[in-house]
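Raw work-v8.csv, CSV, C-alpha atoms:
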```
chain,number,residue,atom,x,y,z
A,289,MET,CA,-25.6,-36.1,-43.0
A,290,SER,CA,-22.7,-34.0,-44.1
A,291,THR,CA,-20.7,-31.9,-41.6
A,292,PRO,CA,-19.5,-28.6,-43.0
A,293,GLY,CA,-15.7,-28.3,-42.7
A,294,LYS,CA,-15.1,-32.0,-42.0
A,295,VAL,CA,-11.9,-32.9,-44.0
A,296,GLU,CA,-12.5,-35.9,-46.2
A,297,ARG,CA,-9.2,-36.1,-48.2
A,298,ILE,CA,-5.6,-35.0,-48.1
A,299,ASP,CA,-3.2,-34.9,-51.0
A,300,PRO,CA,-0.5,-36.0,-51.0
A,301,LYS,CA,-0.6,-38.3,-48.0
A,302,ALA,CA,3.0,-37.6,-47.0
A,303,GLY,CA,5.1,-34.4,-46.6
A,304,ILE,CA,7.7,-32.6,-44.6
A,305,PRO,CA,7.2,-29.4,-42.5
A,306,GLY,CA,6.5,-26.5,-44.8
A,307,GLY,CA,5.2,-28.8,-47.6
A,308,GLU,CA,1.9,-27.8,-49.2
A,309,VAL,CA,-1.0,-30.2,-49.1
A,310,THR,CA,-4.5,-30.0,-50.5
A,311,LEU,CA,-7.3,-30.5,-48.0
A,312,GLU,CA,-10.8,-31.4,-49.3
A,313,TYR,CA,-13.7,-30.9,-47.0
A,314,GLU,CA,-17.5,-30.7,-46.8
A,315,SER,CA,-18.7,-27.4,-48.2
A,316,VAL,CA,-18.7,-24.4,-46.0
A,317,SER,CA,-20.0,-20.9,-46.7
A,318,ALA,CA,-17.9,-18.3,-48.4
A,319,VAL,CA,-17.7,-16.3,-45.2
A,320,SER,CA,-16.4,-19.4,-43.3
A,321,ALA,CA,-13.9,-20.2,-46.0
A,322,ARG,CA,-12.2,-16.9,-45.4
A,323,ALA,CA,-11.7,-17.7,-41.7
A,324,LEU,CA,-10.6,-21.3,-41.9
A,325,ASP,CA,-7.8,-22.6,-39.8
A,326,PHE,CA,-6.4,-26.2,-39.7
A,327,ASN,CA,-4.5,-27.8,-36.8
A,328,PHE,CA,-2.4,-30.9,-37.2
A,329,HIS,CA,-1.9,-32.6,-33.8
A,330,GLY,CA,-2.5,-29.2,-32.2
A,331,ALA,CA,0.0,-27.3,-34.5
A,332,SER,CA,-1.5,-24.8,-36.8
A,333,GLY,CA,-0.9,-25.1,-40.5
A,334,THR,CA,-0.5,-22.1,-42.8
A,335,VAL,CA,-3.5,-21.6,-45.2
A,336,THR,CA,-2.3,-20.3,-48.5
A,337,ALA,CA,-5.6,-20.5,-50.3
A,338,ALA,CA,-9.1,-21.6,-49.3
A,339,GLY,CA,-12.4,-22.1,-51.0
A,340,ARG,CA,-15.7,-23.6,-50.1
A,341,THR,CA,-14.6,-27.2,-50.6
A,342,ARG,CA,-10.8,-27.2,-50.6
A,343,ALA,CA,-7.7,-25.4,-49.2
A,344,LEU,CA,-4.0,-25.4,-49.8
A,345,VAL,CA,-2.2,-25.7,-46.4
A,346,ARG,CA,1.5,-25.8,-45.5
A,347,LEU,CA,2.3,-28.4,-42.9
A,348,PRO,CA,3.5,-27.2,-39.5
A,349,GLU,CA,6.7,-28.2,-37.7
A,350,ILE,CA,5.6,-31.6,-36.5
A,351,SER,CA,6.7,-35.2,-37.1
A,352,ALA,CA,3.9,-37.7,-37.1
A,353,LEU,CA,3.1,-41.2,-38.1
A,354,GLU,CA,-0.3,-41.9,-39.4
A,355,PRO,CA,-3.1,-41.4,-38.6
A,356,VAL,CA,-3.1,-37.6,-37.9
A,357,GLN,CA,-6.0,-35.7,-36.4
A,358,VAL,CA,-6.8,-32.6,-38.4
A,359,VAL,CA,-9.0,-30.0,-36.7
A,360,THR,CA,-10.9,-27.5,-38.8
A,361,ASN,CA,-11.5,-24.3,-36.9
A,362,LEU,CA,-14.5,-22.4,-38.3
A,363,GLY,CA,-14.4,-19.7,-35.7
A,364,ALA,CA,-16.7,-19.0,-32.7
A,365,ASP,CA,-15.6,-22.2,-31.0
A,366,ASN,CA,-16.8,-24.2,-33.9
A,367,GLU,CA,-14.2,-27.0,-34.4
A,368,ILE,CA,-14.6,-30.2,-36.5
A,369,ALA,CA,-12.1,-33.0,-36.0
A,370,SER,CA,-11.1,-35.4,-38.8
A,371,THR,CA,-8.7,-38.3,-38.6
A,372,LEU,CA,-6.6,-38.7,-41.8
A,373,ARG,CA,-3.9,-40.9,-43.2
A,374,LEU,CA,-0.9,-38.6,-43.2
A,375,LEU,CA,2.9,-39.1,-42.7
A,376,VAL,CA,5.0,-36.1,-41.8
A,377,GLY,CA,8.7,-36.8,-42.1
A,378,ARG,CA,11.0,-36.6,-39.1
A,379,LYS,CA,14.0,-34.3,-39.3
A,380,ILE,CA,17.2,-36.4,-39.3
A,381,THR,CA,19.7,-33.6,-39.3
A,382,GLY,CA,20.0,-29.9,-40.1
A,383,ASP,CA,23.0,-27.6,-40.7
A,384,VAL,CA,23.7,-29.2,-44.1
A,385,HIS,CA,23.8,-27.8,-47.6
A,386,PRO,CA,23.3,-30.6,-50.2
A,387,VAL,CA,22.7,-29.6,-53.8
A,388,THR,CA,21.6,-33.0,-55.0
A,389,ASN,CA,20.8,-36.5,-53.6
A,390,PRO,CA,22.1,-37.7,-50.3
A,391,THR,CA,23.5,-41.3,-50.6
A,392,PHE,CA,23.5,-44.5,-48.6
A,393,ASP,CA,26.6,-46.6,-48.2
A,394,PRO,CA,25.6,-50.0,-49.5
A,395,ASP,CA,27.9,-51.8,-47.0
A,396,ASP,CA,27.0,-50.2,-43.6
A,397,GLY,CA,23.9,-48.2,-44.4
A,398,LEU,CA,25.4,-44.8,-43.3
A,399,LEU,CA,23.8,-41.8,-45.0
A,400,TYR,CA,26.2,-39.3,-46.6
A,401,VAL,CA,25.3,-35.7,-47.2
A,402,THR,CA,27.2,-32.6,-48.1
A,403,ARG,CA,27.7,-29.2,-46.7
A,404,SER,CA,28.5,-27.9,-50.1
A,405,GLY,CA,28.5,-24.1,-49.7
A,406,SER,CA,28.3,-21.6,-52.5
A,407,ARG,CA,30.8,-21.9,-55.3
A,408,GLY,CA,34.3,-21.2,-54.2
A,409,GLU,CA,33.4,-21.2,-50.5
A,410,HIS,CA,35.5,-23.4,-48.3
A,411,VAL,CA,33.8,-24.9,-45.3
A,412,PRO,CA,35.7,-26.8,-42.6
A,413,ILE,CA,33.7,-30.0,-43.0
A,414,SER,CA,32.0,-30.5,-46.3
A,415,ILE,CA,31.0,-34.2,-46.2
A,416,LEU,CA,29.1,-35.7,-43.3
A,417,ALA,CA,28.0,-39.2,-42.4
A,418,VAL,CA,24.6,-39.5,-40.6
A,419,GLU,CA,23.5,-42.5,-38.6
A,420,ALA,CA,19.8,-43.5,-38.4
A,421,ASN,CA,19.5,-41.8,-35.0
A,422,GLY,CA,20.7,-38.5,-36.4
A,423,VAL,CA,24.2,-38.7,-35.0
A,424,VAL,CA,26.5,-36.8,-37.4
A,425,GLU,CA,30.1,-37.7,-38.0
A,426,ASP,CA,32.6,-35.5,-39.9
A,427,VAL,CA,34.1,-37.2,-42.9
A,428,SER,CA,36.1,-34.6,-44.9
A,429,GLY,CA,36.7,-31.0,-45.5
A,430,ASP,CA,39.2,-31.4,-48.2
A,431,ILE,CA,36.8,-31.3,-51.2
A,432,MET,CA,35.7,-27.9,-52.2
A,433,ASN,CA,32.0,-27.7,-53.2
A,434,PRO,CA,31.3,-31.4,-53.1
A,435,THR,CA,28.2,-32.1,-55.2
A,436,ALA,CA,27.2,-35.6,-56.1
A,437,ILE,CA,28.2,-38.7,-54.0
A,438,ALA,CA,27.9,-42.2,-55.4
A,439,PHE,CA,29.3,-45.7,-54.6
A,440,ASP,CA,30.6,-48.1,-57.3
A,441,ARG,CA,29.9,-51.8,-57.2
A,442,LEU,CA,33.0,-52.4,-55.1
A,443,GLY,CA,31.6,-50.1,-52.4
A,444,ARG,CA,34.1,-47.3,-53.1
A,445,MET,CA,32.8,-43.7,-52.6
A,446,PHE,CA,33.3,-41.1,-55.3
A,447,VAL,CA,32.5,-37.4,-55.0
A,448,THR,CA,32.3,-34.7,-57.7
A,449,SER,CA,33.5,-31.1,-57.1
A,450,ARG,CA,31.8,-28.5,-59.1
A,451,PHE,CA,34.6,-26.0,-58.1
A,452,ASP,CA,37.6,-27.7,-59.7
A,453,GLY,CA,35.9,-30.2,-62.1
A,454,VAL,CA,37.4,-33.2,-60.4
A,455,VAL,CA,36.0,-36.6,-59.2
A,456,TYR,CA,37.5,-37.7,-56.0
A,457,ARG,CA,37.7,-41.2,-54.6
A,458,VAL,CA,37.3,-41.3,-50.8
A,459,GLY,CA,39.0,-44.3,-49.2
A,460,ARG,CA,38.4,-46.1,-45.9
A,461,GLU,CA,40.7,-43.6,-44.2
A,462,ARG,CA,38.4,-40.9,-45.7
A,463,GLU,CA,41.3,-39.2,-47.5
A,464,PRO,CA,40.1,-37.9,-50.9
A,465,ILE,CA,42.3,-38.7,-53.9
A,466,ALA,CA,41.7,-37.1,-57.3
A,467,PHE,CA,40.4,-39.8,-59.7
A,468,ALA,CA,39.4,-37.9,-62.9
A,469,GLY,CA,39.7,-34.2,-63.8
A,470,ASP,CA,39.1,-31.6,-66.4
A,471,LEU,CA,35.3,-32.3,-66.2
A,472,GLY,CA,34.1,-28.7,-66.3
A,473,ILE,CA,31.5,-27.8,-63.7
A,474,ALA,CA,31.3,-31.4,-62.5
A,475,THR,CA,27.9,-32.1,-60.8
A,476,GLY,CA,25.9,-35.3,-61.4
A,477,LEU,CA,27.5,-38.8,-60.9
A,478,ALA,CA,26.2,-42.3,-61.6
A,479,PHE,CA,27.4,-45.8,-62.5
A,480,ASN,CA,25.9,-48.1,-65.1
A,481,ARG,CA,25.5,-51.9,-64.6
A,482,ASP,CA,28.9,-52.5,-66.2
A,483,GLY,CA,30.5,-50.3,-63.5
A,484,GLU,CA,31.3,-47.4,-65.9
A,485,MET,CA,31.2,-43.9,-64.3
A,486,PHE,CA,29.3,-41.0,-65.9
A,487,VAL,CA,29.7,-37.4,-64.8
A,488,GLY,CA,27.6,-34.4,-65.9
A,489,ASP,CA,29.3,-31.1,-66.6
A,490,ARG,CA,26.4,-28.7,-66.2
A,491,SER,CA,27.9,-26.5,-69.0
A,492,GLY,CA,26.5,-29.1,-71.5
A,493,THR,CA,28.6,-32.3,-71.5
A,494,ILE,CA,28.2,-35.8,-70.0
A,495,TYR,CA,31.4,-37.7,-69.7
A,496,ARG,CA,32.1,-41.4,-69.5
A,497,ILE,CA,35.1,-42.4,-67.3
A,498,ASN,CA,36.9,-45.7,-67.3
A,499,GLU,CA,38.4,-47.6,-64.4
A,500,ILE,CA,41.6,-45.7,-64.5
A,501,GLY,CA,40.0,-42.2,-64.6
A,502,GLU,CA,40.3,-41.5,-68.3
A,503,SER,CA,37.3,-39.5,-69.5
A,504,SER,CA,35.7,-39.1,-72.9
A,505,LYS,CA,32.8,-36.9,-74.0
A,506,TRP,CA,29.8,-39.2,-74.3
A,507,ALA,CA,26.7,-36.9,-74.8
A,508,GLU,CA,25.7,-33.3,-75.0
A,509,HIS,CA,22.8,-31.8,-73.1
A,510,GLU,CA,21.2,-28.4,-72.6
A,511,PRO,CA,23.2,-26.4,-70.0
A,512,SER,CA,21.8,-26.1,-66.5
A,513,VAL,CA,21.4,-23.1,-64.3
A,514,SER,CA,22.3,-25.2,-61.2
A,515,ALA,CA,23.4,-28.8,-61.7
A,516,TYR,CA,23.0,-32.0,-63.6
A,517,HIS,CA,21.5,-34.9,-61.7
A,518,LEU,CA,22.0,-38.4,-63.0
A,519,ALA,CA,20.5,-41.8,-62.4
A,520,PHE,CA,20.5,-45.1,-64.3
A,521,GLY,CA,17.2,-46.8,-64.8
A,522,PRO,CA,16.3,-50.5,-64.8
A,523,ASP,CA,16.7,-50.3,-68.6
A,524,ASP,CA,20.4,-49.2,-68.1
A,525,ALA,CA,19.5,-45.9,-69.8
A,526,LEU,CA,20.8,-42.7,-68.2
A,527,TYR,CA,18.2,-40.3,-66.9
A,528,VAL,CA,19.2,-36.7,-66.5
A,529,THR,CA,17.7,-33.6,-65.1
A,530,GLY,CA,19.2,-30.1,-65.3
A,531,PRO,CA,17.1,-27.1,-64.3
A,532,THR,CA,16.9,-24.3,-66.9
A,533,VAL,CA,15.2,-21.0,-66.8
A,534,SER,CA,12.0,-22.7,-68.1
A,535,SER,CA,9.2,-23.6,-65.8
A,536,PHE,CA,8.4,-26.6,-68.1
A,537,ASP,CA,11.5,-28.6,-67.9
A,538,SER,CA,12.0,-32.2,-68.9
A,539,ILE,CA,13.7,-35.4,-67.9
A,540,THR,CA,16.0,-36.7,-70.6
A,541,ARG,CA,16.7,-40.3,-71.3
A,542,PHE,CA,20.0,-41.3,-72.9
A,543,ASN,CA,20.3,-44.7,-74.5
A,544,GLU,CA,23.5,-46.8,-74.4
A,545,GLU,CA,24.8,-44.9,-77.4
A,546,GLY,CA,24.3,-41.5,-75.8
A,547,ILE,CA,21.3,-40.5,-77.9
A,548,GLY,CA,18.9,-38.4,-75.9
A,549,SER,CA,15.1,-38.3,-75.9
A,550,THR,CA,12.4,-36.8,-73.7
A,551,PHE,CA,11.2,-39.2,-71.1
A,552,TYR,CA,8.9,-36.7,-69.3
A,553,ARG,CA,8.1,-33.0,-69.8
A,554,GLY,CA,6.3,-30.6,-67.6
A,555,LEU,CA,8.3,-30.2,-64.4
A,556,GLY,CA,9.5,-27.0,-62.7
A,557,ARG,CA,13.2,-27.0,-61.6
A,558,PRO,CA,13.7,-30.8,-61.6
A,559,GLN,CA,16.7,-31.9,-59.5
A,560,GLY,CA,17.7,-35.1,-57.7
A,561,LEU,CA,16.2,-38.4,-58.9
A,562,ALA,CA,16.1,-42.1,-58.0
A,563,PHE,CA,14.3,-45.3,-59.1
A,564,ASP,CA,12.4,-47.8,-57.0
A,565,ARG,CA,12.4,-51.6,-57.7
A,566,GLN,CA,9.2,-51.4,-59.8
A,567,GLY,CA,10.9,-48.9,-62.2
A,568,ASN,CA,9.0,-45.8,-61.0
A,569,LEU,CA,11.1,-42.7,-61.1
A,570,TYR,CA,11.1,-40.2,-58.3
A,571,VAL,CA,12.3,-36.6,-58.7
A,572,ALA,CA,12.5,-33.5,-56.6
A,573,ALA,CA,10.5,-31.0,-58.7
A,574,SER,CA,7.4,-28.9,-59.1
A,575,LEU,CA,4.4,-30.4,-60.8
A,576,LYS,CA,1.5,-28.1,-61.8
A,577,GLY,CA,2.9,-25.4,-59.5
A,578,ARG,CA,3.3,-27.6,-56.4
A,579,ARG,CA,6.6,-28.6,-55.0
A,580,GLY,CA,7.6,-32.0,-53.7
A,581,ILE,CA,8.8,-35.5,-54.7
A,582,VAL,CA,7.1,-36.4,-58.0
A,583,ARG,CA,6.6,-40.1,-58.9
A,584,ILE,CA,6.6,-40.9,-62.6
A,585,SER,CA,5.4,-44.2,-64.0
A,586,PRO,CA,7.9,-46.5,-65.8
A,587,ASP,CA,6.4,-45.5,-69.2
A,588,GLY,CA,6.7,-41.8,-68.5
A,589,ARG,CA,2.9,-41.2,-68.9
A,590,GLN,CA,1.7,-40.6,-65.4
A,591,ALA,CA,3.1,-38.3,-62.7
A,592,GLU,CA,1.9,-37.3,-59.2
A,593,ILE,CA,3.3,-35.7,-56.1
A,594,VAL,CA,3.8,-38.3,-53.4
A,595,VAL,CA,5.7,-36.2,-50.8
A,596,ALA,CA,5.0,-32.5,-50.3
A,597,GLY,CA,8.0,-30.3,-49.6
A,598,MET,CA,9.6,-27.0,-50.3
A,599,ASN,CA,13.2,-26.4,-51.4
A,600,LEU,CA,13.8,-30.1,-52.1
A,601,VAL,CA,17.0,-30.9,-53.9
A,602,GLY,CA,17.2,-34.7,-53.8
A,603,LEU,CA,16.2,-38.0,-52.3
A,604,ALA,CA,17.5,-41.5,-51.5
A,605,PHE,CA,16.0,-44.8,-50.4
A,606,SER,CA,17.4,-46.6,-47.3
A,607,PRO,CA,17.9,-50.4,-47.2
A,608,HIS,CA,14.8,-50.5,-44.9
A,609,GLY,CA,12.3,-48.8,-47.2
A,610,GLU,CA,12.7,-45.3,-45.8
A,611,MET,CA,12.7,-42.4,-48.2
A,612,VAL,CA,15.2,-39.7,-47.2
A,613,VAL,CA,14.5,-36.3,-48.8
A,614,ALA,CA,17.0,-33.4,-48.7
A,615,THR,CA,16.2,-29.7,-48.7
A,616,ASN,CA,19.0,-27.2,-49.1
A,617,GLU,CA,19.5,-27.1,-45.4
A,618,ALA,CA,18.1,-30.3,-43.8
A,619,VAL,CA,17.4,-34.0,-44.3
A,620,TYR,CA,14.1,-35.7,-43.4
A,621,GLY,CA,13.1,-39.4,-43.2
A,622,LEU,CA,9.7,-40.9,-44.3
A,623,PRO,CA,9.1,-44.6,-43.7
A,624,LEU,CA,7.0,-45.1,-46.9
A,625,GLY,CA,8.0,-48.7,-47.4
A,626,ILE,CA,9.5,-48.1,-50.8
A,627,GLU,CA,12.4,-50.2,-51.9
A,628,GLY,CA,15.0,-48.4,-54.0
A,629,ALA,CA,16.4,-49.9,-57.1
A,630,LEU,CA,19.2,-52.4,-56.5
A,631,VAL,CA,22.7,-51.0,-56.7
A,632,ASN,CA,24.5,-51.9,-59.9
```

As structure tokens, please, write out the structure in this file.
Amino acid sequence: MSTPGKVERIDPKAGIPGGEVTLEYESVSAVSARALDFNFHGASGTVTAAGRTRALVRLPEISALEPVQVVTNLGADNEIASTLRLLVGRKITGDVHPVTNPTFDPDDGLLYVTRSGSRGEHVPISILAVEANGVVEDVSGDIMNPTAIAFDRLGRMFVTSRFDGVVYRVGREREPIAFAGDLGIATGLAFNRDGEMFVGDRSGTIYRINEIGESSKWAEHEPSVSAYHLAFGPDDALYVTGPTVSSFDSITRFNEEGIGSTFYRGLGRPQGLAFDRQGNLYVAASLKGRRGIVRISPDGRQAEIVVAGMNLVGLAFSPHGEMVVATNEAVYGLPLGIEGALVN
């Protein structure tokens, strides 16, 4: 026998506070649908739309491992409890301002994130190291508008500055040294399996940079309204996102010769991206009007939101299978058990 209002399904099964999930439940009357309220571990979610069998709900400020009890409130002391598989990410740290992926140091597992600021804004500390317990350590304030952070195969950290178009190498003493310059509005940064560096100038150029910091134009791409985001796939092709004014943006795949083709089209404001060891691509974007982390199959034919979240700019995988997602002001951790692609 069905129980009106009993939640049967939630999609996606992971999110961060403020992320929008779909709840599917046993049919209620049209009158009851207008009065629906949902509580997650006692905290009320925000209903953005509701019908007789499904509702869109924003997750409240909770952190929870599965399972989570969701209580449907139909009014007049009529409450229906449901237990669902749901993971709500824990907030690792706030007071940050990343504009692309956070990054894990492959040697010690520290998470690096930026407090980038608006273009031309100088903040006292612009690069931060975050331990697993959320303890934050100041790294550097000498790089203006740090954007992308990446480690090469020798474990050296490099950071782009979209302010001065320079890539900096940050040594063990954490003193930044200019490595390559004249790179336009330098944003995305990635290394291929041969250790070559690639940097995206969001004005429309992707540069290849050799081991002594000499750059050459490698490919051209449509200019972005915010930043280029770069990641090498298991096929050693370069995958690039760069949000435009379109709500139907694509992920572009560049082969080893720098020739681009569309890998996937249909995303809203796609930003940071990363691969898992099975070759799935994860990207912070909107899919069919809903925002979160989108997983795209290796062949580029299937896409689904796997983590619900608003204002997401990037993600990274920890050495222990935790997905870290970054909004424009905070970083959250979700132990999803996904192994990131091996570092080149």

| Spatial neighbours of region 422-435 of chain A, max dist 6 Å, all atoms listed in the file, sep filter under 4 positions, as a list in words |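 That gives Ile380, Thr381, Ser404, His410, Pro412, Ile413, Ser414, Ile415, Leu416, Ala417, Val418, Thr448, Ser449, Arg450, Phe451 and Thr475 of chain A.
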
I'd like the contact shell of Arg578 (chain A) - 10 Å cut-off, all atoms listed in the file, skipping same-chain residues fewer than 5 positions apart - returned as a PDB file with C-alpha atoms, in the frame of the given file.
```
ATOM      1  CA  GLY A 307       5.200 -28.800 -47.600  1.00  0.00           C
ATOM      2  CA  GLU A 308       1.900 -27.800 -49.200  1.00  0.00           C
ATOM      3  CA  VAL A 309      -1.000 -30.200 -49.100  1.00  0.00           C
ATOM      4  CA  LEU A 555       8.300 -30.200 -64.400  1.00  0.00           C
ATOM      5  CA  GLY A 556       9.500 -27.000 -62.700  1.00  0.00           C
ATOM      6  CA  ALA A 573      10.500 -31.000 -58.700  1.00  0.00           C
ATOM      7  CA  ILE A 593       3.300 -35.700 -56.100  1.00  0.00           C
ATOM      8  CA  ALA A 596       5.000 -32.500 -50.300  1.00  0.00           C
ATOM      9  CA  GLY A 597       8.000 -30.300 -49.600  1.00  0.00           C
ATOM     10  CA  MET A 598       9.600 -27.000 -50.300  1.00  0.00           C
TER      11      MET A 598
END
```

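Straight-line separation from CA of Leu526 (chain A) to CA of Phe542 (chain A): 5.0 Å.
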
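When only C-alpha atoms are used to measure the gap to Asn389 (chain A), the shortest distance among A:Gly476, A:Pro607, A:Pro511, A:Gly488 belongs to A:Gly476.
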
Which residues, written as a JSON list (two decimals) with C-alpha atoms, in the coordinates of the input, have at least one atom at most 8 Å from Asp325 (chain A), with only C-alpha atoms counted and residues fewer than 5 positions away on the same chain left out?
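Contents of part.json, as written:
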```json
[["chain", "number", "residue", "atom", "x", "y", "z"],
["A", 332, "SER", "CA", -1.50, -24.80, -36.80],
["A", 333, "GLY", "CA", -0.90, -25.10, -40.50],
["A", 334, "THR", "CA", -0.50, -22.10, -42.80],
["A", 335, "VAL", "CA", -3.50, -21.60, -45.20],
["A", 360, "THR", "CA", -10.90, -27.50, -38.80],
["A", 361, "ASN", "CA", -11.50, -24.30, -36.90],
["A", 362, "LEU", "CA", -14.50, -22.40, -38.30]]
```

| task | Taking the point (-20.2, -22.6, -37.6) as given in the file, collect each protein or nucleic acid residue that comes within 12 Å of it, counting all atoms listed in the file, and present the set as a PyMOL selection string. | result | chain A and resi 291-294+315-321+323-324+360-368

C-alpha atoms of the current selection, written as an mmCIF file, in the frame of the given file:
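Output below, filename again16.cif:
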```cif
data_model
loop_
_atom_site.group_PDB
_atom_site.id
_atom_site.type_symbol
_atom_site.label_atom_id
_atom_site.label_comp_id
_atom_site.auth_asym_id
_atom_site.auth_seq_id
_atom_site.Cartn_x
_atom_site.Cartn_y
_atom_site.Cartn_z
ATOM 1 C CA THR A 291 -20.700 -31.900 -41.600
ATOM 2 C CA PRO A 292 -19.500 -28.600 -43.000
ATOM 3 C CA GLY A 293 -15.700 -28.300 -42.700
ATOM 4 C CA LYS A 294 -15.100 -32.000 -42.000
ATOM 5 C CA SER A 315 -18.700 -27.400 -48.200
ATOM 6 C CA VAL A 316 -18.700 -24.400 -46.000
ATOM 7 C CA SER A 317 -20.000 -20.900 -46.700
ATOM 8 C CA ALA A 318 -17.900 -18.300 -48.400
ATOM 9 C CA VAL A 319 -17.700 -16.300 -45.200
ATOM 10 C CA SER A 320 -16.400 -19.400 -43.300
ATOM 11 C CA ALA A 321 -13.900 -20.200 -46.000
ATOM 12 C CA ALA A 323 -11.700 -17.700 -41.700
ATOM 13 C CA LEU A 324 -10.600 -21.300 -41.900
ATOM 14 C CA THR A 360 -10.900 -27.500 -38.800
ATOM 15 C CA ASN A 361 -11.500 -24.300 -36.900
ATOM 16 C CA LEU A 362 -14.500 -22.400 -38.300
ATOM 17 C CA GLY A 363 -14.400 -19.700 -35.700
ATOM 18 C CA ALA A 364 -16.700 -19.000 -32.700
ATOM 19 C CA ASP A 365 -15.600 -22.200 -31.000
ATOM 20 C CA ASN A 366 -16.800 -24.200 -33.900
ATOM 21 C CA GLU A 367 -14.200 -27.000 -34.400
ATOM 22 C CA ILE A 368 -14.600 -30.200 -36.500
#
```

Would you compute the box with edges along x, y and z of the file around region 562-579 of chain A, including every atom the file lists for it and 8 Å extra on each side, and give its centre and edge lengths in Å to one decimal, as AutoDock Vina command-line options?
```
--center_x 8.8 --center_y -38.5 --center_z -58.6 --size_x 30.6 --size_y 42.2 --size_z 23.2
```

| request: Could you check how far CA of Asp395 (chain A) sits from CA of Arg460 (chain A), in Å to one decimal? | output: 12.0 Å

| With distances taken over only C-alpha atoms, which of A:Leu600, A:Leu311, A:Ala337, A:Ala572 is nearest to Val358 (chain A)? | A:Leu311

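CA of Ala629 (chain A) sits 21.7 Å away from CA of Ser538 (chain A).
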
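Proximity to Gly560 (chain A) was assessed for A:Leu630, A:Ala591, A:Val612, A:Ile500 counting only C-alpha atoms; the smallest distance is recorded for A:Val612.
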
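Excluding Ile497 (chain A) itself and same-chain residues fewer than 4 positions from it, the residues having an atom within 9 Å of it are A:Ala468, A:Glu484, A:Met485, A:Phe486, A:Val487, A:Gly501, A:Glu502, A:Ser503, A:Ser504, A:Lys505, counting all atoms listed in the file.
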
Neighbourhood query: residues within 6 Å of (7.3, -37.4, -51.0), file coordinates, counting only C-alpha atoms; return as a tab-separated table (two decimals) with C-alpha atoms, in the frame of the given file.
```
chain	number	residue	atom	x	y	z
A	302	ALA	CA	3.00	-37.60	-47.00
A	303	GLY	CA	5.10	-34.40	-46.60
A	581	ILE	CA	8.80	-35.50	-54.70
A	594	VAL	CA	3.80	-38.30	-53.40
A	595	VAL	CA	5.70	-36.20	-50.80
A	596	ALA	CA	5.00	-32.50	-50.30
```

Leaving out Gln590 (chain A) and any residue of its chain fewer than 3 positions from it, which residues lie within 12 Å of it when counting only C-alpha atoms, given as a JSON list (two decimals) with C-alpha atoms, in the coordinates of the input?
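In the end it all went to out-v4.json:
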```json
[["chain", "number", "residue", "atom", "x", "y", "z"],
["A", 551, "PHE", "CA", 11.20, -39.20, -71.10],
["A", 552, "TYR", "CA", 8.90, -36.70, -69.30],
["A", 553, "ARG", "CA", 8.10, -33.00, -69.80],
["A", 554, "GLY", "CA", 6.30, -30.60, -67.60],
["A", 568, "ASN", "CA", 9.00, -45.80, -61.00],
["A", 569, "LEU", "CA", 11.10, -42.70, -61.10],
["A", 570, "TYR", "CA", 11.10, -40.20, -58.30],
["A", 575, "LEU", "CA", 4.40, -30.40, -60.80],
["A", 582, "VAL", "CA", 7.10, -36.40, -58.00],
["A", 583, "ARG", "CA", 6.60, -40.10, -58.90],
["A", 584, "ILE", "CA", 6.60, -40.90, -62.60],
["A", 585, "SER", "CA", 5.40, -44.20, -64.00],
["A", 586, "PRO", "CA", 7.90, -46.50, -65.80],
["A", 587, "ASP", "CA", 6.40, -45.50, -69.20],
["A", 593, "ILE", "CA", 3.30, -35.70, -56.10]]
```

As an mmCIF file, keeping the file's coordinate frame, the rebuilt region 558-566 of chain A with N, CA and C atoms:
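Ended up saving to part.cif:
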```
data_model
loop_
_atom_site.group_PDB
_atom_site.id
_atom_site.type_symbol
_atom_site.label_atom_id
_atom_site.label_comp_id
_atom_site.auth_asym_id
_atom_site.auth_seq_id
_atom_site.Cartn_x
_atom_site.Cartn_y
_atom_site.Cartn_z
ATOM 1 N N PRO A 558 13.428 -29.448 -61.986
ATOM 2 C CA PRO A 558 13.700 -30.800 -61.600
ATOM 3 C C PRO A 558 15.135 -31.011 -61.131
ATOM 4 N N GLN A 559 15.333 -31.736 -60.030
ATOM 5 C CA GLN A 559 16.700 -31.900 -59.500
ATOM 6 C C GLN A 559 16.965 -33.382 -59.225
ATOM 7 N N GLY A 560 17.327 -33.754 -57.980
ATOM 8 C CA GLY A 560 17.700 -35.100 -57.700
ATOM 9 C C GLY A 560 16.678 -36.155 -58.059
ATOM 10 N N LEU A 561 17.115 -37.334 -58.504
ATOM 11 C CA LEU A 561 16.200 -38.400 -58.900
ATOM 12 C C LEU A 561 16.688 -39.753 -58.536
ATOM 13 N N ALA A 562 15.736 -40.694 -58.381
ATOM 14 C CA ALA A 562 16.100 -42.100 -58.000
ATOM 15 C C ALA A 562 14.930 -42.986 -58.419
ATOM 16 N N PHE A 563 15.270 -44.263 -58.633
ATOM 17 C CA PHE A 563 14.300 -45.300 -59.100
ATOM 18 C C PHE A 563 13.961 -46.212 -57.910
ATOM 19 N N ASP A 564 12.719 -46.735 -57.932
ATOM 20 C CA ASP A 564 12.400 -47.800 -57.000
ATOM 21 C C ASP A 564 12.488 -49.142 -57.802
ATOM 22 N N ARG A 565 12.225 -50.246 -57.123
ATOM 23 C CA ARG A 565 12.400 -51.600 -57.700
ATOM 24 C C ARG A 565 11.362 -51.902 -58.773
ATOM 25 N N GLN A 566 10.269 -51.145 -58.794
ATOM 26 C CA GLN A 566 9.200 -51.400 -59.800
ATOM 27 C C GLN A 566 9.472 -50.513 -61.059
#
```
